[in-house]
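Student: So that you have it, the file is work_31.tsv, and it contains TSV, C-alpha atoms:
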```tsv
chain	number	residue	atom	x	y	z
A	1223	MET	CA	50.17	82.67	167.02
A	1224	ASN	CA	52.21	84.60	164.56
A	1225	MET	CA	51.25	88.10	163.51
A	1226	MET	CA	50.23	86.99	160.08
A	1227	MET	CA	47.41	84.93	161.54
A	1228	GLN	CA	46.08	87.87	163.54
A	1229	THR	CA	42.86	89.16	162.08
A	1230	LYS	CA	42.10	92.77	161.27
A	1231	LEU	CA	39.15	92.54	163.63
A	1232	ALA	CA	41.35	91.43	166.51
A	1233	VAL	CA	43.75	94.28	165.84
A	1234	LYS	CA	40.91	96.79	165.73
A	1235	LYS	CA	39.45	95.52	169.00
A	1236	ALA	CA	42.75	95.55	170.82
A	1237	PRO	CA	42.77	99.26	171.86
A	1238	VAL	CA	39.36	98.81	173.50
A	1239	ALA	CA	40.25	95.64	175.34
A	1240	ALA	CA	43.58	96.82	176.68
A	1241	PRO	CA	45.86	99.82	176.13
A	1242	LYS	CA	48.67	99.07	173.70
A	1243	THR	CA	51.94	100.91	173.30
A	1244	GLU	CA	51.63	100.69	169.52
A	1245	THR	CA	49.18	103.18	168.04
A	1246	THR	CA	46.83	102.21	165.26
A	1247	ASN	CA	47.94	103.24	161.79
A	1248	ILE	CA	45.19	102.81	159.24
A	1249	THR	CA	45.85	104.30	155.79
A	1250	ASN	CA	43.46	103.70	152.88
A	1251	GLY	CA	41.69	101.23	155.17
A	1252	VAL	CA	44.87	99.17	155.40
A	1253	ASP	CA	46.26	98.37	158.84
A	1254	VAL	CA	49.86	99.38	158.16
A	1255	ASN	CA	51.18	98.03	161.46
A	1256	GLN	CA	49.71	94.64	160.69
A	1257	MET	CA	51.20	94.81	157.19
A	1258	ASN	CA	54.60	95.57	158.70
A	1259	ASP	CA	54.14	92.66	161.11
A	1260	THR	CA	53.40	90.41	158.15
A	1261	VAL	CA	56.54	91.61	156.36
A	1262	ALA	CA	58.61	90.97	159.51
A	1263	ALA	CA	57.09	87.49	159.95
A	1264	VAL	CA	57.81	86.54	156.33
A	1265	LYS	CA	61.38	87.83	156.62
A	1266	GLN	CA	61.83	85.46	159.57
A	1267	ASN	CA	60.16	82.55	157.83
A	1268	ALA	CA	59.75	82.63	154.04
A	1269	GLU	CA	57.47	79.59	154.19
A	1270	LEU	CA	54.68	81.82	155.58
A	1271	ALA	CA	54.58	83.58	152.19
A	1272	SER	CA	53.71	80.37	150.38
A	1273	PHE	CA	50.02	80.58	149.42
A	1274	LYS	CA	47.78	78.21	147.50
A	1275	PHE	CA	44.43	79.52	146.26
A	1276	ARG	CA	41.71	77.15	145.12
A	1277	ILE	CA	38.32	77.08	143.47
A	1278	GLN	CA	35.90	74.42	142.31
A	1279	ASN	CA	33.80	74.91	139.19
A	1280	ARG	CA	30.67	73.13	138.05
A	1281	TRP	CA	29.04	73.33	134.64
A	1282	ILE	CA	25.32	74.20	134.66
A	1283	ASP	CA	24.29	74.27	130.97
A	1284	CYS	CA	25.59	75.71	127.71
A	1285	GLY	CA	27.81	78.70	128.62
A	1286	GLU	CA	26.74	78.81	132.27
A	1287	ASN	CA	28.93	77.51	135.07
A	1288	ARG	CA	29.67	78.42	138.67
A	1289	SER	CA	32.74	78.47	140.85
A	1290	HIS	CA	32.88	78.05	144.60
A	1291	VAL	CA	35.90	79.53	146.29
A	1292	LEU	CA	37.60	76.90	148.43
A	1293	PRO	CA	39.76	77.44	151.55
A	1294	PHE	CA	43.27	78.68	150.79
A	1295	SER	CA	46.58	77.65	152.29
A	1296	ALA	CA	49.26	79.88	153.75
A	1297	GLY	CA	52.46	78.54	155.22
A	1298	GLY	CA	51.10	75.03	154.93
A	1299	LYS	CA	47.97	75.78	157.01
A	1300	VAL	CA	44.44	75.91	155.59
A	1301	PHE	CA	42.15	78.92	156.08
A	1302	ALA	CA	38.49	79.23	155.14
A	1303	HIS	CA	36.86	82.44	154.01
A	1304	LYS	CA	34.31	83.92	156.42
A	1305	VAL	CA	31.47	83.03	154.06
A	1306	GLY	CA	31.17	81.03	150.85
A	1307	PHE	CA	31.63	82.89	147.57
A	1308	THR	CA	29.94	81.72	144.39
A	1309	LEU	CA	30.98	83.21	141.06
A	1310	THR	CA	28.77	82.78	138.01
A	1311	ALA	CA	29.91	82.85	134.40
A	1312	ASP	CA	27.79	82.73	131.28
A	1313	GLU	CA	27.89	84.05	127.73
A	1314	PRO	CA	25.74	86.77	126.18
A	1315	GLU	CA	23.03	85.61	123.78
A	1316	MET	CA	25.13	86.60	120.79
A	1317	LEU	CA	27.68	84.04	121.98
A	1318	LEU	CA	24.90	81.45	122.41
A	1319	GLY	CA	24.52	81.77	126.19
A	1320	ALA	CA	21.66	82.82	128.49
A	1321	ASP	CA	23.52	85.92	129.74
A	1322	THR	CA	23.09	85.10	133.44
A	1323	GLY	CA	26.57	86.35	134.36
A	1324	ALA	CA	29.70	88.05	133.10
A	1325	ASN	CA	31.59	85.90	130.65
A	1326	PRO	CA	35.02	84.39	131.36
A	1327	VAL	CA	37.03	87.09	129.59
A	1328	GLU	CA	35.07	89.78	131.45
A	1329	HIS	CA	35.85	88.00	134.73
A	1330	LEU	CA	39.50	88.09	133.66
A	1331	LEU	CA	39.34	91.88	133.30
A	1332	HIS	CA	37.78	92.11	136.77
A	1333	ALA	CA	40.60	90.00	138.24
A	1334	LEU	CA	43.11	92.42	136.72
A	1335	ALA	CA	41.25	95.59	137.74
A	1336	SER	CA	40.75	94.45	141.31
A	1337	CYS	CA	44.34	93.32	141.73
A	1338	VAL	CA	45.89	96.48	140.29
A	1339	THR	CA	43.57	98.56	142.49
A	1340	THR	CA	44.33	96.65	145.69
A	1341	SER	CA	48.06	96.61	144.95
A	1342	THR	CA	47.97	100.38	144.47
A	1343	VAL	CA	45.98	100.93	147.69
A	1344	TYR	CA	48.21	98.67	149.84
A	1345	HIS	CA	51.53	99.93	148.53
A	1346	ALA	CA	50.35	103.53	148.78
A	1347	ALA	CA	49.46	102.83	152.43
A	1348	ALA	CA	52.94	101.40	153.01
A	1349	ARG	CA	54.35	104.70	151.65
A	1350	GLY	CA	51.97	106.82	153.74
A	1351	ILE	CA	50.13	108.15	150.68
A	1352	LYS	CA	46.42	108.69	151.29
A	1353	ILE	CA	44.06	107.84	148.45
A	1354	GLU	CA	40.47	109.09	148.41
A	1355	ARG	CA	39.22	107.41	145.29
A	1356	ILE	CA	40.31	105.04	142.54
A	1357	GLU	CA	38.32	104.19	139.46
A	1358	SER	CA	39.42	102.33	136.40
A	1359	THR	CA	38.14	101.29	133.01
A	1360	LEU	CA	39.47	98.24	131.21
A	1361	GLU	CA	39.10	97.13	127.63
A	1362	GLY	CA	40.40	93.98	125.98
A	1363	ASP	CA	40.56	93.11	122.27
A	1364	LEU	CA	39.62	89.61	121.26
A	1365	ASP	CA	39.32	88.15	117.78
A	1366	LEU	CA	36.82	85.30	117.86
A	1367	ARG	CA	38.42	83.65	114.81
A	1368	GLY	CA	40.90	82.10	117.25
A	1369	PHE	CA	38.23	80.41	119.36
A	1370	LEU	CA	36.25	79.43	116.25
A	1371	ASP	CA	39.36	77.76	114.79
A	1372	LEU	CA	39.09	79.78	111.59
A	1373	ASP	CA	42.60	81.18	111.35
A	1374	PRO	CA	45.70	79.58	112.91
A	1375	THR	CA	47.51	82.95	112.89
A	1376	VAL	CA	44.86	84.51	115.19
A	1377	ARG	CA	45.40	83.85	118.89
A	1378	ASN	CA	42.46	82.58	120.99
A	1379	GLY	CA	42.98	85.03	123.84
A	1380	TYR	CA	43.17	88.76	124.31
A	1381	ARG	CA	45.48	90.55	121.89
A	1382	ASN	CA	45.75	93.60	124.14
A	1383	ILE	CA	44.34	94.88	127.39
A	1384	ARG	CA	44.18	98.59	128.21
A	1385	MET	CA	43.53	99.92	131.71
A	1386	THR	CA	42.96	103.56	132.57
A	1387	LEU	CA	43.30	104.40	136.26
A	1388	GLN	CA	41.92	107.56	137.79
A	1389	ILE	CA	43.30	108.34	141.22
A	1390	LYS	CA	42.08	111.01	143.64
A	1391	ALA	CA	44.82	111.77	146.14
A	1392	PRO	CA	44.71	115.51	146.85
A	1393	ASN	CA	47.66	115.40	149.24
A	1394	ALA	CA	49.94	113.49	146.89
A	1395	SER	CA	52.66	115.43	145.08
A	1396	GLU	CA	53.02	115.09	141.31
A	1397	GLU	CA	55.92	112.71	141.88
A	1398	GLN	CA	53.88	110.62	144.33
A	1399	LEU	CA	50.99	110.51	141.88
A	1400	ARG	CA	53.32	109.27	139.16
A	1401	GLU	CA	54.52	106.59	141.58
A	1402	LEU	CA	50.92	105.61	142.43
A	1403	GLY	CA	50.33	105.03	138.73
A	1404	THR	CA	53.17	102.50	138.60
A	1405	LEU	CA	52.41	100.47	141.76
A	1406	GLY	CA	49.92	98.15	140.05
A	1407	GLN	CA	52.34	97.13	137.33
A	1408	ARG	CA	55.15	96.72	139.84
A	1409	PHE	CA	53.33	94.64	142.43
A	1410	SER	CA	50.00	93.22	141.25
A	1411	PRO	CA	50.02	89.40	141.15
A	1412	VAL	CA	47.34	89.28	138.44
A	1413	HIS	CA	49.15	91.88	136.31
A	1414	ASP	CA	52.33	89.86	136.61
A	1415	THR	CA	50.55	86.58	135.81
A	1416	LEU	CA	48.86	88.07	132.74
A	1417	SER	CA	51.72	90.09	131.35
A	1418	LYS	CA	54.39	87.38	131.80
A	1419	GLY	CA	52.19	84.31	131.44
A	1420	VAL	CA	52.01	81.27	133.70
A	1421	ARG	CA	52.26	77.54	133.24
A	1422	VAL	CA	48.76	76.05	133.32
A	1423	ALA	CA	48.61	72.28	133.66
A	1424	ILE	CA	45.27	70.69	132.82
A	1425	THR	CA	44.50	67.06	133.46
A	1426	ALA	CA	41.19	65.48	132.50
A	1427	GLU	CA	39.58	62.28	133.61
A	1428	ARG	CA	36.31	60.50	133.00
A	1429	MET	CA	33.67	60.90	135.67
A	1430	ALA	CA	31.78	57.71	136.43
B	953	MET	CA	20.25	91.36	110.35
B	954	ASN	CA	23.08	88.90	110.17
B	955	MET	CA	22.85	85.53	111.87
B	956	MET	CA	25.34	86.47	114.53
B	957	MET	CA	22.99	89.09	115.86
B	958	GLN	CA	20.11	86.65	116.11
B	959	THR	CA	19.42	85.75	119.73
B	960	LYS	CA	19.13	82.27	121.12
B	961	LEU	CA	15.63	83.15	122.23
B	962	ALA	CA	14.61	84.10	118.71
B	963	VAL	CA	15.99	80.86	117.33
B	964	LYS	CA	14.19	78.83	120.00
B	965	LYS	CA	10.87	80.54	119.30
B	966	ALA	CA	11.07	80.08	115.55
B	967	PRO	CA	9.69	76.49	115.33
B	968	VAL	CA	6.59	77.60	117.28
B	969	ALA	CA	6.00	80.72	115.22
B	970	ALA	CA	6.42	79.12	111.84
B	971	PRO	CA	7.66	75.79	110.50
B	972	LYS	CA	11.28	75.91	109.39
B	973	THR	CA	13.08	73.57	107.07
B	974	GLU	CA	16.09	73.53	109.38
B	975	THR	CA	15.64	71.36	112.49
B	976	THR	CA	16.86	72.49	115.88
B	977	ASN	CA	20.16	71.00	116.96
B	978	ILE	CA	20.90	71.65	120.60
B	979	THR	CA	23.86	69.78	122.06
B	980	ASN	CA	25.13	70.51	125.59
B	981	GLY	CA	22.69	73.42	125.61
B	982	VAL	CA	24.51	74.95	122.64
B	983	ASP	CA	22.51	75.79	119.52
B	984	VAL	CA	24.83	74.17	117.00
B	985	ASN	CA	22.99	75.56	113.97
B	986	GLN	CA	23.41	79.07	115.35
B	987	MET	CA	27.09	78.36	116.03
B	988	ASN	CA	27.51	77.18	112.43
B	989	ASP	CA	25.73	80.33	111.24
B	990	THR	CA	28.19	82.41	113.27
B	991	VAL	CA	31.13	80.56	111.74
B	992	ALA	CA	29.70	81.13	108.25
B	993	ALA	CA	29.09	84.83	108.96
B	994	VAL	CA	32.65	85.33	110.25
B	995	LYS	CA	34.08	83.50	107.24
B	996	GLN	CA	32.26	86.02	105.05
B	997	ASN	CA	33.28	89.01	107.14
B	998	ALA	CA	36.21	88.66	109.54
B	999	GLU	CA	35.38	92.03	111.10
B	1000	LEU	CA	32.37	90.41	112.84
B	1001	ALA	CA	34.85	88.41	114.94
B	1002	SER	CA	36.42	91.53	116.37
B	1003	PHE	CA	35.23	91.86	119.98
B	1004	LYS	CA	36.01	94.37	122.70
B	1005	PHE	CA	35.06	93.51	126.28
B	1006	ARG	CA	34.95	96.20	128.96
B	1007	ILE	CA	34.53	96.67	132.68
B	1008	GLN	CA	34.66	99.58	135.09
B	1009	ASN	CA	36.06	99.16	138.58
B	1010	ARG	CA	35.63	101.32	141.67
B	1011	TRP	CA	37.58	101.09	144.90
B	1012	ILE	CA	35.44	100.84	148.07
B	1013	ASP	CA	37.95	100.61	150.95
B	1014	CYS	CA	41.11	98.68	151.77
B	1015	GLY	CA	41.06	95.47	149.70
B	1016	GLU	CA	37.44	95.86	148.60
B	1017	ASN	CA	36.48	97.02	145.13
B	1018	ARG	CA	33.73	96.32	142.60
B	1019	SER	CA	33.54	95.97	138.86
B	1020	HIS	CA	30.56	96.69	136.67
B	1021	VAL	CA	30.51	94.92	133.35
B	1022	LEU	CA	30.05	97.40	130.53
B	1023	PRO	CA	28.52	96.80	127.09
B	1024	PHE	CA	30.81	94.93	124.69
B	1025	SER	CA	31.48	95.53	121.02
B	1026	ALA	CA	31.33	93.03	118.19
B	1027	GLY	CA	32.03	93.94	114.61
B	1028	GLY	CA	32.10	97.60	115.59
B	1029	LYS	CA	28.60	97.56	117.13
B	1030	VAL	CA	27.89	97.89	120.85
B	1031	PHE	CA	25.77	95.35	122.74
B	1032	ALA	CA	24.57	95.56	126.34
B	1033	HIS	CA	24.13	92.55	128.60
B	1034	LYS	CA	20.52	91.74	129.53
B	1035	VAL	CA	21.11	92.88	133.11
B	1036	GLY	CA	23.95	94.60	134.93
B	1037	PHE	CA	26.62	92.41	136.50
B	1038	THR	CA	28.58	93.57	139.55
B	1039	LEU	CA	31.65	91.62	140.63
B	1040	THR	CA	33.08	92.14	144.11
B	1041	ALA	CA	36.67	91.55	145.14
B	1042	ASP	CA	38.16	91.76	148.62
B	1043	GLU	CA	40.96	90.11	150.58
B	1044	PRO	CA	40.67	87.66	153.46
B	1045	GLU	CA	41.42	89.04	156.94
B	1046	MET	CA	44.87	87.46	156.90
B	1047	LEU	CA	45.64	89.65	153.91
B	1048	LEU	CA	44.22	92.70	155.76
B	1049	GLY	CA	40.83	92.77	154.04
B	1050	ALA	CA	37.23	92.40	155.24
B	1051	ASP	CA	36.66	89.16	153.29
B	1052	THR	CA	33.49	90.37	151.55
B	1053	GLY	CA	34.39	88.68	148.25
B	1054	ALA	CA	36.80	86.37	146.51
B	1055	ASN	CA	40.21	87.96	146.07
B	1056	PRO	CA	41.66	88.95	142.69
B	1057	VAL	CA	43.77	85.82	142.23
B	1058	GLU	CA	40.74	83.65	143.08
B	1059	HIS	CA	38.71	85.56	140.47
B	1060	LEU	CA	41.52	84.79	138.03
B	1061	LEU	CA	41.12	81.05	138.71
B	1062	HIS	CA	37.36	81.39	138.12
B	1063	ALA	CA	37.98	83.13	134.79
B	1064	LEU	CA	40.19	80.22	133.75
B	1065	ALA	CA	37.84	77.50	135.02
B	1066	SER	CA	34.78	79.02	133.39
B	1067	CYS	CA	36.53	79.57	130.06
B	1068	VAL	CA	38.03	76.09	129.84
B	1069	THR	CA	34.63	74.62	130.75
B	1070	THR	CA	32.69	76.66	128.20
B	1071	SER	CA	35.29	76.02	125.49
B	1072	THR	CA	35.02	72.28	126.16
B	1073	VAL	CA	31.21	72.36	126.10
B	1074	TYR	CA	30.96	74.41	122.87
B	1075	HIS	CA	33.62	72.52	120.94
B	1076	ALA	CA	32.19	69.19	122.12
B	1077	ALA	CA	28.79	70.34	120.77
B	1078	ALA	CA	30.40	71.23	117.45
B	1079	ARG	CA	31.73	67.64	117.32
B	1080	GLY	CA	28.39	66.14	118.34
B	1081	ILE	CA	29.75	64.83	121.65
B	1082	LYS	CA	27.18	64.99	124.46
B	1083	ILE	CA	28.44	65.93	127.90
B	1084	GLU	CA	26.36	65.28	131.01
B	1085	ARG	CA	28.56	66.88	133.61
B	1086	ILE	CA	31.82	68.78	134.01
B	1087	GLU	CA	33.47	69.68	137.28
B	1088	SER	CA	36.90	71.06	137.87
B	1089	THR	CA	39.20	71.98	140.70
B	1090	LEU	CA	41.91	74.60	140.29
B	1091	GLU	CA	44.87	75.45	142.48
B	1092	GLY	CA	47.44	78.18	142.02
B	1093	ASP	CA	50.77	78.67	143.83
B	1094	LEU	CA	51.66	82.18	144.86
B	1095	ASP	CA	54.65	83.35	146.88
B	1096	LEU	CA	53.70	86.57	148.68
B	1097	ARG	CA	57.36	87.67	148.86
B	1098	GLY	CA	56.93	89.01	145.34
B	1099	PHE	CA	54.02	91.29	146.25
B	1100	LEU	CA	55.72	92.29	149.50
B	1101	ASP	CA	58.85	93.30	147.57
B	1102	LEU	CA	61.03	91.06	149.73
B	1103	ASP	CA	62.86	89.10	147.07
B	1104	PRO	CA	63.45	90.31	143.49
B	1105	THR	CA	63.89	86.72	142.29
B	1106	VAL	CA	60.34	85.81	143.37
B	1107	ARG	CA	57.64	86.69	140.85
B	1108	ASN	CA	54.55	88.58	142.02
B	1109	GLY	CA	52.05	86.37	140.26
B	1110	TYR	CA	51.16	82.72	140.16
B	1111	ARG	CA	54.08	80.35	139.73
B	1112	ASN	CA	51.85	77.51	138.54
B	1113	ILE	CA	48.20	76.78	138.04
B	1114	ARG	CA	46.83	73.24	138.05
B	1115	MET	CA	43.37	72.34	136.80
B	1116	THR	CA	41.76	68.93	137.13
B	1117	LEU	CA	38.73	68.39	134.91
B	1118	GLN	CA	36.21	65.63	135.48
B	1119	ILE	CA	33.96	64.94	132.55
B	1120	LYS	CA	30.88	62.73	132.46
B	1121	ALA	CA	30.13	61.76	128.89
B	1122	PRO	CA	28.87	58.16	128.91
B	1123	ASN	CA	28.46	58.00	125.14
B	1124	ALA	CA	31.95	59.30	124.35
B	1125	SER	CA	34.56	56.79	123.26
B	1126	GLU	CA	37.95	56.75	125.00
B	1127	GLU	CA	39.40	58.65	122.05
B	1128	GLN	CA	36.61	61.25	122.23
B	1129	LEU	CA	37.14	61.63	125.98
B	1130	ARG	CA	40.84	62.24	125.42
B	1131	GLU	CA	39.90	64.86	122.86
B	1132	LEU	CA	37.43	66.51	125.28
B	1133	GLY	CA	40.28	66.84	127.77
B	1134	THR	CA	42.32	68.85	125.25
B	1135	LEU	CA	39.62	71.24	123.97
B	1136	GLY	CA	40.09	73.78	126.76
B	1137	GLN	CA	43.81	74.15	126.16
B	1138	ARG	CA	43.27	74.30	122.40
B	1139	PHE	CA	40.49	76.87	122.31
B	1140	SER	CA	39.95	78.72	125.61
B	1141	PRO	CA	40.66	82.46	125.29
B	1142	VAL	CA	41.52	82.77	129.01
B	1143	HIS	CA	43.81	79.74	128.89
B	1144	ASP	CA	45.60	81.23	125.89
B	1145	THR	CA	45.85	84.66	127.53
B	1146	LEU	CA	47.26	83.22	130.76
B	1147	SER	CA	49.60	80.63	129.32
B	1148	LYS	CA	51.08	82.89	126.63
B	1149	GLY	CA	50.73	86.25	128.36
B	1150	VAL	CA	49.24	89.46	127.00
B	1151	ARG	CA	50.35	93.05	126.70
B	1152	VAL	CA	48.67	95.07	129.44
B	1153	ALA	CA	48.94	98.85	129.04
B	1154	ILE	CA	48.12	100.87	132.16
B	1155	THR	CA	47.78	104.62	132.13
B	1156	ALA	CA	47.10	106.64	135.26
B	1157	GLU	CA	45.82	110.14	135.71
B	1158	ARG	CA	44.87	112.38	138.60
B	1159	MET	CA	41.19	112.63	139.38
B	1160	ALA	CA	40.07	116.14	140.28
```
Write out the structure in this file as structure tokens.
Tutor:
Amino acid sequence: MNMMMQTKLAVKKAPVAAPKTETTNITNGVDVNQMNDTVAAVKQNAELASFKFRIQNRWIDCGENRSHVLPFSAGGKVFAHKVGFTLTADEPEMLLGADTGANPVEHLLHALASCVTTSTVYHAAARGIKIERIESTLEGDLDLRGFLDLDPTVRNGYRNIRMTLQIKAPNASEEQLRELGTLGQRFSPVHDTLSKGVRVAITAERMA
Amino acid sequence: MNMMMQTKLAVKKAPVAAPKTETTNITNGVDVNQMNDTVAAVKQNAELASFKFRIQNRWIDCGENRSHVLPFSAGGKVFAHKVGFTLTADEPEMLLGADTGANPVEHLLHALASCVTTSTVYHAAARGIKIERIESTLEGDLDLRGFLDLDPTVRNGYRNIRMTLQIKAPNASEEQLRELGTLGQRFSPVHDTLSKGVRVAITAERMA
């Protein structure tokens, strides 16, 4: 069993079950020793870093649809989440929906916010910088003329996204705080995907 | 009150309250007359198409954080959702989290799936094509060496995203079905944002 497969729970229980030479090092809730073990394991075998994430979506009616998160793969092995996650999307009434959930472009902002936040928290932990609080506000500009096919010069998607991060880290120096503010842009997978773009291949087939 | 502000509920109630010359035209759950009214209103006043979507995110611990969807703006006016939506992100235990929610890159896949689905449903309705069912499966490839800062040639984000759409539309011709399969790529705001990229501006400040 490589270190990457070791669960947080198992690591937390270890000191109770048997004394270990390695002391626990939890910063910002992140088990830094386990993170270092993961880094060491990936350095030995790059294939362990190869992840595939998956979801399945089903249309309900009008603007409402739901996704179920499927098991993900890491290093060629499949892992299920502890419980099933269902994500609901809909449109507000103004956009002809029933408003039973956040709409797709709001979900996109959440994906970005959560990823920048987690990337900041994890990379701060790796640097030994304690964070007490992070809050952020995101705003995206979208011109519906793109979606409505009214003007070919107007893009369908967001024109801009702005994110304002507020970080409470009383022990961080000014230099460390400046660094904290850059960690999301440097490391977040969703930030990278959104800011550089990604190839999306869609295939469609008739359902019997 | 312009047509865009008129709610679906109000439109649905109208035939009961008083006879109208215009008949209801609901296809795929979408009120096509209301959609046409929106198009007409935006043609008259492009400013109505200018939307701003917003969320606020708060870090809980480790990989866990939550977003609250904030009111959105359309044509310079602010509109609240009917109820509050809270979206939870976390990481699986293998990625050092507590696995209390889908992770950020899974939320990103949901944003894409939901947007492609809704774009297909709405634009099919505009074309008079009835859809009975849509399901999709999405898979994204991510090499964790980017996030772990182990190889500068490896990107942090998704390398590829694949989406397979299954559409049940018994009355659609083969040509119409082929068209249905292209509507998401042609019109989805999230597909456009992801495939072409978007400028993301992050500012960070110290919280007292």
Student: Residues within 6 Å of segment 1358-1369 of chain A, please, as a list in words. Count only C-alpha atoms; anything in the same chain fewer than 2 positions from it doesn't count.
Tutor: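 Here the answer would be Asp1371, Leu1372, Asp1373, Val1376, Arg1377, Asn1378, Tyr1380, Arg1381, Asn1382, Ile1383, Arg1384, Met1385, Thr1386, Leu1387 and Gln1388 of chain A; Ala1001, Ser1002, Phe1003, Lys1004, Phe1005, Arg1006, Ile1007, Gln1008, Asn1009 and Phe1139 of chain B.
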Student: Rank B:Val984, B:Ile1119, B:Leu1064, B:Leu1022 by their smallest atom-to-atom distance to Ala1078 of chain B, using only C-alpha atoms, and report the top residue only.
Tutor: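 Between B:Val984, B:Ile1119, B:Leu1064, B:Leu1022, the residue approaching Ala1078 of chain B most closely is B:Val984.
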Student: Set up a box along x, y and z of the file covering all listed atoms of segment 1096-1102 of chain B, add 4 Å on every one of the six sides, and write the centre and edge lengths in Å to one decimal, as JSON.
Tutor:
```
{"center_x": 57.4, "center_y": 89.9, "center_z": 147.5, "size_x": 15.3, "size_y": 14.7, "size_z": 12.4}
```
Student: Find, counting all atoms listed in the file, the residue in A:Met1257, A:Val1291, A:Ile1351, A:Met1316 that gets nearest to Leu1060 of chain B.
Tutor: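 The closest residue to Leu1060 of chain B is A:Val1291.
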Student: Counting only C-alpha atoms, figure out which residue out of B:Asp1042, B:Glu1016, B:Glu1087, B:Asp989 gets nearest to chain A.
Tutor: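 Ranked by minimum distance to chain A, first place goes to B:Glu1087.
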Student: Place a sphere of radius 12 Å on (39.7, 87.8, 142.1) in the file coordinates and name every protein, DNA or RNA residue with an atom inside or on its surface, counting all atoms listed in the file; give the answer as a VMD selection string.
Tutor: (chain A and resid 1275 to 1277 1289 1291 1307 to 1309 1328 to 1340 1410 to 1413) or (chain B and resid 1015 to 1019 1039 to 1044 1051 to 1064)
Student: Report, in Å to a single decimal, how far apart atom CA of Leu1405 of chain A and atom CA of Glu1354 of chain A are.
Tutor: 16.2 Å
Student: For a quick check of understanding, using only C-alpha atoms, which of B:Thr1145, B:Thr990, B:Asn1123, B:Thr979 has the smallest distance to chain A?
Tutor: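 Smallest separation from chain A among the options: B:Thr1145.
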Student: Between A:Gly1379, A:Gly1298, A:Gly1406, A:Pro1392, which residue has the minimum interatomic distance to Thr1342 of chain A, considering all atoms listed in the file?
Tutor: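 Using all atoms listed in the file, the shortest distance to Thr1342 of chain A belongs to A:Gly1406.
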Student: Can you measure atom CA of Val1343 of chain A to atom CA of Lys1418 of chain A for me? One decimal in Å is fine.
Tutor: 22.5 Å
Student: A:Val1300, A:Leu1416, A:Ala1346, A:Ala1423: which is nearest Ala1391 of chain A, counting all atoms listed in the file?
Tutor: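 The closest residue to Ala1391 of chain A is A:Ala1346.
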Student: Quick check, in Å to one decimal: how far apart do atom CA of Gly1027 of chain B and atom CA of Pro1374 of chain A lie?
Tutor: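 About the pair atom CA of Gly1027 of chain B and atom CA of Pro1374 of chain A: they are 19.9 Å apart.
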